[in-house]
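See below for coords_36.txt, which holds compact mmCIF, C-alpha atoms (C1' of nucleotides).
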```txt
# COMPACT_ATOMS: atom_id res chain seq x y z
CA MET A 23 -0.43 -8.25 -11.08
CA LYS A 24 -2.54 -10.65 -13.06
CA LYS A 25 -5.99 -9.36 -13.89
CA GLU A 26 -8.37 -12.28 -13.88
CA GLN A 27 -12.10 -12.42 -13.77
CA LEU A 28 -13.35 -12.45 -10.24
CA PRO A 29 -15.15 -15.57 -9.13
CA THR A 30 -18.86 -14.93 -8.70
CA THR A 31 -19.12 -16.63 -5.34
CA SER A 32 -17.95 -14.43 -2.49
CA LEU A 33 -15.16 -15.72 -0.33
CA ILE A 34 -15.73 -16.47 3.32
CA LEU A 35 -12.64 -15.67 5.34
CA ASP A 36 -11.83 -17.77 8.37
CA SER A 37 -9.55 -16.81 11.25
CA LYS A 38 -6.47 -18.15 9.45
CA ASP A 39 -7.17 -15.98 6.40
CA ILE A 40 -7.54 -13.00 8.72
CA SER A 41 -4.23 -13.84 10.38
CA ILE A 42 -2.56 -13.98 6.97
CA LEU A 43 -4.07 -10.61 5.99
CA ARG A 44 -2.98 -9.11 9.28
CA ILE A 45 0.64 -9.95 8.46
CA LEU A 46 0.53 -9.10 4.75
CA GLN A 47 -1.16 -5.72 5.25
CA GLN A 48 1.87 -4.53 7.17
CA ASN A 49 4.45 -6.25 5.00
CA ALA A 50 3.70 -7.40 1.48
CA LYS A 51 7.15 -9.00 1.33
CA ALA A 52 6.52 -11.37 4.23
CA THR A 53 7.42 -14.79 2.84
CA VAL A 54 5.00 -17.69 2.79
CA LYS A 55 7.43 -19.58 4.99
CA GLU A 56 7.50 -16.78 7.57
CA ILE A 57 3.69 -16.52 7.61
CA SER A 58 3.26 -20.28 7.82
CA GLN A 59 5.44 -20.42 10.92
CA LYS A 60 3.54 -17.61 12.61
CA ILE A 61 0.15 -19.20 12.07
CA HIS A 62 1.39 -22.77 12.65
CA LEU A 63 0.69 -24.23 9.22
CA SER A 64 2.90 -25.49 6.41
CA THR A 65 3.58 -23.40 3.33
CA THR A 66 1.13 -25.01 0.90
CA PRO A 67 -2.15 -24.03 2.59
CA VAL A 68 -0.82 -20.52 3.24
CA HIS A 69 0.13 -20.20 -0.40
CA GLU A 70 -3.28 -21.46 -1.50
CA ARG A 71 -5.13 -19.12 0.82
CA ILE A 72 -3.20 -16.10 -0.44
CA LYS A 73 -3.85 -17.06 -4.08
CA ARG A 74 -7.53 -17.50 -3.31
CA MET A 75 -7.75 -14.06 -1.69
CA GLU A 76 -5.97 -12.52 -4.68
CA GLU A 77 -8.38 -14.17 -7.10
CA HIS A 78 -11.43 -13.07 -5.14
CA GLY A 79 -10.16 -9.50 -4.98
CA VAL A 80 -9.92 -9.49 -1.18
CA ILE A 81 -6.27 -8.61 -1.80
CA LYS A 82 -6.51 -5.67 -4.18
CA GLN A 83 -2.86 -4.76 -4.63
CA TYR A 84 0.67 -5.19 -3.35
CA ALA A 85 1.74 -1.57 -3.08
CA THR A 86 4.93 0.26 -2.25
CA LEU A 87 4.21 3.31 -0.12
CA VAL A 88 6.47 6.28 -0.75
CA ASP A 89 7.14 9.11 1.70
CA TYR A 90 5.53 12.08 -0.03
CA ALA A 91 7.76 14.62 1.67
CA LYS A 92 10.87 12.79 0.43
CA ILE A 93 9.76 13.16 -3.16
CA LYS A 94 9.19 16.87 -2.55
CA LYS A 95 5.41 16.69 -2.21
CA GLY A 96 5.14 18.44 1.11
CA LEU A 97 1.59 19.79 1.01
CA MET A 98 -1.70 17.97 1.46
CA VAL A 99 -4.99 19.74 0.83
CA ILE A 100 -8.55 18.56 1.28
CA CYS A 101 -10.62 20.17 -1.39
CA TYR A 102 -14.41 20.44 -1.61
CA VAL A 103 -16.08 20.91 -4.95
CA SER A 104 -19.68 21.58 -5.92
CA LEU A 105 -20.83 21.43 -9.51
CA LYS A 106 -23.07 23.98 -11.23
CA GLN A 107 -25.15 21.36 -12.96
CA HIS A 108 -25.94 17.93 -11.63
CA ASN A 109 -26.91 16.03 -14.75
CA LYS A 110 -25.21 12.75 -15.55
CA ASN A 111 -23.05 14.10 -18.36
CA ALA A 112 -21.66 17.02 -16.37
CA GLY A 113 -20.73 14.70 -13.51
CA ALA A 114 -19.01 12.27 -15.86
CA LYS A 115 -16.90 15.04 -17.35
CA PHE A 116 -15.73 16.17 -13.92
CA ILE A 117 -14.91 12.60 -12.92
CA LYS A 118 -12.86 12.12 -16.08
CA SER A 119 -10.83 15.26 -15.36
CA VAL A 120 -10.22 14.07 -11.78
CA GLN A 121 -8.82 10.79 -13.09
CA GLU A 122 -6.39 12.69 -15.28
CA MET A 123 -5.02 14.97 -12.55
CA ASN A 124 -2.21 13.13 -10.81
CA GLU A 125 -2.13 15.58 -7.90
CA ILE A 126 -5.54 14.23 -6.88
CA ILE A 127 -5.00 10.93 -5.12
CA GLU A 128 -8.50 10.50 -3.73
CA CYS A 129 -11.96 11.64 -4.76
CA TYR A 130 -15.23 10.82 -3.06
CA ASN A 131 -18.84 11.59 -3.73
CA ILE A 132 -20.13 12.96 -0.46
CA SER A 133 -23.27 13.94 1.40
CA GLY A 134 -23.74 17.56 2.45
CA GLU A 135 -23.45 20.93 0.77
CA PHE A 136 -20.60 19.94 -1.55
CA ASP A 137 -20.66 17.22 -4.18
CA PHE A 138 -17.08 15.92 -4.05
CA MET A 139 -14.19 15.75 -1.65
CA LEU A 140 -10.69 15.55 -3.11
CA LYS A 141 -7.37 14.83 -1.47
CA VAL A 142 -4.57 16.68 -3.23
CA VAL A 143 -0.85 16.05 -2.59
CA ILE A 144 1.48 18.59 -4.14
CA GLU A 145 4.88 20.27 -3.87
CA ASN A 146 4.03 23.49 -1.99
CA MET A 147 1.60 26.39 -1.75
CA ASP A 148 2.71 27.97 -5.03
CA ALA A 149 2.11 24.72 -6.86
CA TYR A 150 -1.27 24.36 -5.17
CA TYR A 151 -2.29 27.85 -6.20
CA ASP A 152 -1.35 27.00 -9.78
CA PHE A 153 -3.28 23.72 -9.57
CA HIS A 154 -6.34 25.45 -8.15
CA VAL A 155 -6.47 28.32 -10.62
CA ASN A 156 -5.13 26.74 -13.80
CA LYS A 157 -6.18 23.11 -13.55
CA LEU A 158 -9.04 22.40 -11.15
CA SER A 159 -11.04 25.57 -11.81
CA GLN A 160 -10.56 25.17 -15.55
CA SER A 161 -12.74 22.07 -15.53
CA GLU A 162 -16.14 22.98 -16.92
CA ASN A 163 -19.09 23.09 -14.61
CA ILE A 164 -17.21 23.80 -11.37
CA GLY A 165 -19.39 25.74 -8.94
CA HIS A 166 -17.70 26.34 -5.60
CA VAL A 167 -14.32 25.14 -4.39
CA GLN A 168 -13.23 25.19 -0.76
CA SER A 169 -9.76 24.23 0.41
CA VAL A 170 -8.84 22.86 3.82
CA PHE A 171 -5.12 22.63 4.48
CA VAL A 172 -3.58 19.72 6.33
CA MET A 173 -1.26 21.11 8.98
CA GLY A 174 -0.23 17.82 10.50
CA ILE A 175 -0.63 14.10 9.93
CA ILE A 176 -1.70 12.43 13.17
CA LYS A 177 -2.46 8.99 11.77
CA GLN A 178 -2.29 7.47 8.32
CA THR A 179 -2.77 3.79 7.68
CA HIS A 180 -4.52 1.35 5.38
CA VAL A 181 -4.65 -1.32 8.07
CA LEU A 182 -8.14 -2.32 9.19
CA ILE A 183 -7.37 -5.75 10.62
CA ASN A 184 -5.49 -5.53 13.89
CA MET B 12 10.77 -4.93 7.53
CA LYS B 13 14.00 -3.97 9.18
CA LYS B 14 13.88 -0.80 11.23
CA GLU B 15 17.21 0.91 10.93
CA GLN B 16 18.25 4.39 11.80
CA LEU B 17 17.77 6.74 8.88
CA PRO B 18 20.89 8.24 7.36
CA THR B 19 21.16 11.90 8.14
CA THR B 20 21.97 12.93 4.58
CA SER B 21 18.91 13.20 2.40
CA LEU B 22 18.83 11.09 -0.71
CA ILE B 23 18.78 12.67 -4.14
CA LEU B 24 16.71 10.61 -6.53
CA ASP B 25 17.71 10.45 -10.18
CA SER B 26 15.49 9.45 -13.09
CA LYS B 27 16.33 5.75 -12.65
CA ASP B 28 15.25 5.83 -9.01
CA ILE B 29 12.01 7.46 -10.09
CA SER B 30 11.49 4.77 -12.73
CA ILE B 31 11.98 2.10 -10.09
CA LEU B 32 9.51 3.80 -7.75
CA ARG B 33 6.99 4.15 -10.56
CA ILE B 34 7.01 0.37 -11.02
CA LEU B 35 7.16 -0.58 -7.34
CA GLN B 36 4.35 1.76 -6.28
CA GLN B 37 1.92 -0.18 -8.45
CA ASN B 38 3.36 -3.60 -7.67
CA ALA B 39 5.52 -4.28 -4.63
CA LYS B 40 6.10 -7.81 -5.92
CA ALA B 41 7.74 -6.72 -9.15
CA THR B 42 11.00 -8.66 -9.23
CA VAL B 43 14.38 -6.97 -9.41
CA LYS B 44 14.97 -8.84 -12.67
CA GLU B 45 11.72 -7.54 -14.16
CA ILE B 46 12.52 -3.96 -13.12
CA SER B 47 16.09 -4.19 -14.36
CA GLN B 48 14.90 -5.23 -17.81
CA LYS B 49 12.38 -2.39 -17.98
CA ILE B 50 14.92 0.27 -17.10
CA HIS B 51 17.79 -1.36 -19.05
CA LEU B 52 20.13 -2.13 -16.18
CA SER B 53 21.36 -5.33 -14.56
CA THR B 54 19.98 -6.58 -11.28
CA THR B 55 22.76 -5.36 -8.97
CA PRO B 56 22.29 -1.58 -9.34
CA VAL B 57 18.50 -1.95 -9.18
CA HIS B 58 18.86 -3.94 -6.00
CA GLU B 59 21.24 -1.38 -4.52
CA ARG B 60 18.99 1.54 -5.41
CA ILE B 61 15.97 -0.11 -3.82
CA LYS B 62 17.91 -0.86 -0.65
CA ARG B 63 19.13 2.74 -0.53
CA MET B 64 15.60 4.09 -0.87
CA GLU B 65 14.41 1.75 1.89
CA GLU B 66 17.19 2.89 4.21
CA HIS B 67 16.49 6.57 3.53
CA GLY B 68 12.79 6.11 4.18
CA VAL B 69 11.79 7.10 0.66
CA ILE B 70 10.15 3.68 0.55
CA LYS B 71 8.05 3.67 3.72
CA GLN B 72 6.37 0.30 3.49
CA TYR B 73 5.49 -2.64 1.27
CA ALA B 74 1.79 -2.87 1.90
CA THR B 75 -0.97 -5.26 0.94
CA LEU B 76 -4.16 -3.35 0.17
CA VAL B 77 -7.36 -5.12 1.14
CA ASP B 78 -10.78 -4.46 -0.35
CA TYR B 79 -12.68 -2.97 2.59
CA ALA B 80 -16.07 -4.02 1.27
CA LYS B 81 -14.89 -7.64 1.04
CA ILE B 82 -14.03 -7.71 4.74
CA LYS B 83 -17.49 -6.30 5.49
CA LYS B 84 -16.39 -2.71 6.07
CA GLY B 85 -18.81 -1.11 3.68
CA LEU B 86 -19.06 2.44 5.08
CA MET B 87 -16.61 5.31 4.91
CA VAL B 88 -17.22 8.49 6.88
CA ILE B 89 -15.29 11.73 6.99
CA CYS B 90 -15.55 13.08 10.46
CA TYR B 91 -14.73 16.59 11.70
CA VAL B 92 -13.88 17.16 15.32
CA SER B 93 -13.29 20.31 17.30
CA LEU B 94 -11.96 20.22 20.85
CA LYS B 95 -13.30 22.20 23.79
CA GLN B 96 -9.85 23.13 25.05
CA HIS B 97 -6.79 23.65 22.94
CA ASN B 98 -3.98 23.22 25.41
CA LYS B 99 -1.17 20.79 24.67
CA ASN B 100 -2.28 18.13 27.12
CA ALA B 101 -5.87 18.01 25.90
CA GLY B 102 -4.69 17.64 22.31
CA ALA B 103 -2.29 14.84 23.23
CA LYS B 104 -5.07 12.90 24.96
CA PHE B 105 -7.29 13.11 21.90
CA ILE B 106 -4.45 12.02 19.63
CA LYS B 107 -3.75 9.02 21.84
CA SER B 108 -7.39 7.93 21.70
CA VAL B 109 -7.36 8.29 17.90
CA GLN B 110 -4.34 5.97 17.68
CA GLU B 111 -6.21 3.35 19.68
CA MET B 112 -9.39 3.38 17.58
CA ASN B 113 -8.87 0.97 14.69
CA GLU B 114 -11.90 2.27 12.81
CA ILE B 115 -10.00 5.52 12.30
CA ILE B 116 -7.52 4.99 9.48
CA GLU B 117 -6.54 8.63 8.96
CA CYS B 118 -6.42 11.70 11.14
CA TYR B 119 -5.21 15.15 10.14
CA ASN B 120 -4.77 18.43 11.91
CA ILE B 121 -6.53 20.92 9.68
CA SER B 122 -7.09 24.62 9.09
CA GLY B 123 -10.59 26.06 9.41
CA GLU B 124 -13.36 25.85 11.96
CA PHE B 125 -12.63 22.27 13.02
CA ASP B 126 -9.41 21.00 14.57
CA PHE B 127 -9.20 17.48 13.14
CA MET B 128 -10.42 15.53 10.17
CA LEU B 129 -10.80 11.77 10.55
CA LYS B 130 -11.44 9.06 8.01
CA VAL B 131 -13.45 6.24 9.50
CA VAL B 132 -14.02 2.86 7.78
CA ILE B 133 -16.62 0.69 9.42
CA GLU B 134 -19.17 -2.08 8.85
CA ASN B 135 -22.38 -0.12 8.39
CA MET B 136 -24.49 2.76 9.70
CA ASP B 137 -25.43 0.95 12.91
CA ALA B 138 -21.79 0.34 13.70
CA TYR B 139 -20.98 3.95 12.90
CA TYR B 140 -23.70 5.20 15.22
CA ASP B 141 -22.26 3.04 17.97
CA PHE B 142 -18.74 4.29 17.21
CA HIS B 143 -19.91 7.90 17.26
CA VAL B 144 -21.90 7.76 20.45
CA ASN B 145 -19.98 5.21 22.51
CA LYS B 146 -16.39 5.62 21.39
CA LEU B 147 -15.59 8.91 19.69
CA SER B 148 -17.82 11.12 21.81
CA GLN B 149 -16.64 9.41 24.97
CA SER B 150 -13.17 10.89 24.52
CA GLU B 151 -12.76 13.77 26.93
CA ASN B 152 -12.65 17.28 25.59
CA ILE B 153 -14.65 16.68 22.38
CA GLY B 154 -16.49 19.84 21.32
CA HIS B 155 -18.33 19.46 18.04
CA VAL B 156 -18.42 16.46 15.71
CA GLN B 157 -19.68 16.62 12.14
CA SER B 158 -20.00 13.58 9.89
CA VAL B 159 -19.85 13.59 6.11
CA PHE B 160 -20.78 10.29 4.50
CA VAL B 161 -18.96 8.93 1.50
CA MET B 162 -21.54 7.89 -1.08
CA GLY B 163 -19.13 6.81 -3.78
CA ILE B 164 -15.43 6.33 -4.36
CA ILE B 165 -14.39 8.06 -7.58
CA LYS B 166 -10.65 7.70 -7.22
CA GLN B 167 -8.42 6.14 -4.60
CA THR B 168 -4.70 5.71 -5.06
CA HIS B 169 -1.38 6.15 -3.30
CA VAL B 170 0.48 6.69 -6.57
CA LEU B 171 2.06 10.10 -7.01
CA ILE B 172 4.70 9.25 -9.59
CA ASN B 173 3.19 8.63 -13.02
C1' DA C 30 28.58 2.87 -10.75
C1' DC C 31 27.97 -0.87 -13.53
C1' DT C 32 28.22 -6.19 -15.49
C1' DG C 33 28.09 -11.12 -14.92
C1' DA C 34 28.21 -15.20 -12.26
C1' DA C 35 27.27 -18.00 -8.46
C1' DA C 36 25.09 -19.43 -3.72
C1' DG C 37 21.32 -19.73 -1.04
C1' DA C 38 16.33 -18.87 -0.29
C1' DC C 39 11.92 -18.77 -2.06
C1' DA C 40 7.53 -19.73 -4.79
C1' DC C 41 4.97 -22.94 -6.66
C1' DA C 42 3.47 -27.65 -8.30
C1' DG C 43 3.07 -32.60 -7.54
C1' DA C 44 2.40 -36.94 -4.97
C1' DC C 45 0.60 -38.35 -0.96
C1' DT C 46 -2.15 -38.72 4.05
C1' DA D 11 -8.50 -30.00 4.66
C1' DG D 12 -3.37 -30.60 5.35
C1' DT D 13 2.24 -32.26 5.12
C1' DC D 14 6.43 -33.24 2.56
C1' DT D 15 9.52 -33.02 -1.37
C1' DG D 16 11.36 -31.33 -5.62
C1' DT D 17 12.22 -27.88 -9.47
C1' DG D 18 12.83 -23.57 -11.41
C1' DT D 19 13.26 -18.79 -10.38
C1' DC D 20 14.42 -15.23 -7.55
C1' DT D 21 17.26 -12.38 -4.21
C1' DT D 22 21.55 -11.24 -2.75
C1' DT D 23 26.54 -11.16 -2.64
C1' DC D 24 31.05 -10.92 -4.73
C1' DA D 25 34.87 -10.56 -8.07
C1' DG D 26 35.94 -7.87 -11.88
C1' DT D 27 35.55 -3.68 -15.26
```

Since I need it in another form, could you write the structure as structure tokens?
Amino acid sequence: MKKEQLPTTSLILDSKDISILRILQQNAKATVKEISQKIHLSTTPVHERIKRMEEHGVIKQYATLVDYAKIKKGLMVICYVSLKQHNKNAGAKFIKSVQEMNEIIECYNISGEFDFMLKVVIENMDAYYDFHVNKLSQSENIGHVQSVFVMGIIKQTHVLIN
Amino acid sequence: MKKEQLPTTSLILDSKDISILRILQQNAKATVKEISQKIHLSTTPVHERIKRMEEHGVIKQYATLVDYAKIKKGLMVICYVSLKQHNKNAGAKFIKSVQEMNEIIECYNISGEFDFMLKVVIENMDAYYDFHVNKLSQSENIGHVQSVFVMGIIKQTHVLIN
DNA sequence: ACTGAAAGACACAGACT
DNA sequence: AGTCTGTGTCTTTCAGT
């Protein structure tokens, strides 16, 4: 995708933009023609609206979602981490190591007794044990780590506009 | 996207399939031509491989990812829920209500003291308070609810193949 | 399982209302 | 703001290796 500088003015989305997003969220390959028919417009304005939302960063990415289990990543673990020290430099080092670990697909700074919450997707329990002991805990400055295992996925979506 | 019955045989992915997935994960709009040049193949086999992975459910969805903050959903909350009763029927009712609440984008069955972990994305703290009191807690059979607020997003990706 | 070519559909730009 | 029309590029299929 083209990386362009984001316009400084924020984009106001009208109901037609929302309708377009509603369709695209579920199917990035929906054609402009298809969308234009659904929202009763011709292709040009639909095309322009999509381009505008891309440029303003409303549309972040066109992604292909892969079934984790089908690429042999059958285990999901929610992992809480507290740091020993909370100075800026120590935090930055931890963040850098998180970016480099591909098993970690999400990391949030959170309120409460822990500092970070991680979502880890990995092959199986053996691989997770190895990750925990030999990768995560090897990062400097790690205080406590607590793992919560995902036993079942009830709902998983990125769709916020329904 | 076409919904077809999944073939019963599981698909074995070779290194070329993985290369294709690596590209598509980051950009669903990558053209077959573009991919075929990168992996040194012509368009036909690339096209066939993609279709095969779609049919086998390895590729789950082509999604458009929207910047939550830019559609005024500025708050993310991790929410833990335990149920009062743990019989099958009570669980099913809770799961159904989760599916209906659009603010909840993820829900997992977890190990530990709580039964479920939810990820909620919502406008602001006022809206979250309203959601908590008037929607989530109104579901029958809710025992305890604990909210952890996301203060910063360090990493957020769906990409597992690097 | 791949290459190369060829048909139809699409994205995107332009002229116009 | 939007519609319509055209051009180049893409997806998709098919004969051939």

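Rounded to one decimal, CA of His143 in chain B and CA of Ala80 in chain B lie 20.3 Å from each other.
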
Find the residues around Lys130 in chain B up to 7 Å (only C-alpha atoms (C1' of nucleotides) counted), leave out those fewer than 4 positions away in its own chain, and share them as a PDB file with C-alpha atoms, in the coordinates of the input.
```
ATOM      1  CA  VAL B  88     -17.220   8.490   6.880  1.00  0.00           C
ATOM      2  CA  ILE B  89     -15.290  11.730   6.990  1.00  0.00           C
ATOM      3  CA  CYS B  90     -15.550  13.080  10.460  1.00  0.00           C
ATOM      4  CA  ILE B 115     -10.000   5.520  12.300  1.00  0.00           C
ATOM      5  CA  ILE B 116      -7.520   4.990   9.480  1.00  0.00           C
ATOM      6  CA  GLU B 117      -6.540   8.630   8.960  1.00  0.00           C
ATOM      7  CA  CYS B 118      -6.420  11.700  11.140  1.00  0.00           C
TER       8      CYS B 118
END
```

Practice task
Using all atoms listed in the file, find the residues of chain A whose closest atom to chain D is at most 9 Å away, then write them as a ChimeraX atom specification.
Solution key: /A:63-64,66-67

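The coordinates place CA of Ala85 in chain A at 28.3 Å from C1' of DA30 in chain C.
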
What are the nearest atom pairs, with distances in Å to one decimal, for all residues of chain C that come at most 9 Å from chain A, using all atoms listed in the file, set out by chain and rising residue number as JSON lines?
```
{"residue": "C:DC39", "atom": "C1'", "partner": "A:Thr53", "partner_atom": "CA", "distance": 7.8}
{"residue": "C:DA40", "atom": "C1'", "partner": "A:Val54", "partner_atom": "CA", "distance": 8.2}
{"residue": "C:DC41", "atom": "C1'", "partner": "A:His69", "partner_atom": "CA", "distance": 8.4}
```

Exercise for the section: Have a look at A:Ser119, A:Asn49, A:Asn156, A:Ser41 and name the one nearest to chain B; count all atoms listed in the file. Expected result: A:Asn49

Take range 52-73 of chain B from the block and save it with N, CA and C atoms, as a tab-separated table (two decimals), in the first residue's frame.
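Now in part.tsv:
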```
chain	number	residue	atom	x	y	z
B	52	LEU	N	7.17	-17.06	-10.49
B	52	LEU	CA	6.24	-18.02	-11.08
B	52	LEU	C	5.34	-17.21	-12.02
B	53	SER	N	4.60	-17.90	-12.88
B	53	SER	CA	3.65	-17.15	-13.70
B	53	SER	C	2.32	-17.04	-12.95
B	54	THR	N	1.40	-16.31	-13.55
B	54	THR	CA	0.18	-15.98	-12.80
B	54	THR	C	-0.71	-17.20	-12.51
B	55	THR	N	-0.76	-18.15	-13.43
B	55	THR	CA	-1.69	-19.28	-13.27
B	55	THR	C	-1.48	-20.07	-11.97
B	56	PRO	N	-0.29	-20.57	-11.70
B	56	PRO	CA	-0.12	-21.32	-10.45
B	56	PRO	C	-0.38	-20.48	-9.19
B	57	VAL	N	-0.03	-19.21	-9.24
B	57	VAL	CA	-0.29	-18.34	-8.08
B	57	VAL	C	-1.80	-18.23	-7.86
B	58	HIS	N	-2.50	-18.03	-8.96
B	58	HIS	CA	-3.95	-17.94	-8.89
B	58	HIS	C	-4.56	-19.22	-8.33
B	59	GLU	N	-4.08	-20.34	-8.84
B	59	GLU	CA	-4.59	-21.65	-8.38
B	59	GLU	C	-4.30	-21.88	-6.90
B	60	ARG	N	-3.12	-21.54	-6.47
B	60	ARG	CA	-2.75	-21.73	-5.07
B	60	ARG	C	-3.61	-20.88	-4.14
B	61	ILE	N	-3.86	-19.63	-4.56
B	61	ILE	CA	-4.70	-18.76	-3.74
B	61	ILE	C	-6.11	-19.33	-3.64
B	62	LYS	N	-6.65	-19.74	-4.76
B	62	LYS	CA	-8.00	-20.32	-4.77
B	62	LYS	C	-8.06	-21.56	-3.87
B	63	ARG	N	-7.04	-22.38	-3.94
B	63	ARG	CA	-6.99	-23.59	-3.11
B	63	ARG	C	-6.98	-23.22	-1.61
B	64	MET	N	-6.21	-22.23	-1.27
B	64	MET	CA	-6.14	-21.82	0.14
B	64	MET	C	-7.45	-21.17	0.61
B	65	GLU	N	-8.14	-20.51	-0.30
B	65	GLU	CA	-9.47	-19.97	0.04
B	65	GLU	C	-10.44	-21.13	0.30
B	66	GLU	N	-10.43	-22.09	-0.60
B	66	GLU	CA	-11.37	-23.21	-0.48
B	66	GLU	C	-11.12	-24.05	0.77
B	67	HIS	N	-9.86	-24.18	1.16
B	67	HIS	CA	-9.53	-24.96	2.35
B	67	HIS	C	-9.65	-24.16	3.64
B	68	GLY	N	-10.01	-22.90	3.52
B	68	GLY	CA	-10.19	-22.09	4.71
B	68	GLY	C	-8.90	-21.63	5.35
B	69	VAL	N	-7.78	-21.84	4.68
B	69	VAL	CA	-6.52	-21.29	5.19
B	69	VAL	C	-6.62	-19.77	5.15
B	70	ILE	N	-7.12	-19.26	4.02
B	70	ILE	CA	-7.47	-17.84	3.93
B	70	ILE	C	-8.91	-17.72	4.39
B	71	LYS	N	-9.09	-17.05	5.55
B	71	LYS	CA	-10.42	-16.94	6.15
B	71	LYS	C	-11.21	-15.80	5.56
B	72	GLN	N	-10.52	-14.67	5.33
B	72	GLN	CA	-11.24	-13.46	4.92
B	72	GLN	C	-10.27	-12.43	4.36
B	73	TYR	N	-10.75	-11.67	3.38
B	73	TYR	CA	-10.05	-10.46	2.94
B	73	TYR	C	-10.73	-9.31	3.66
```
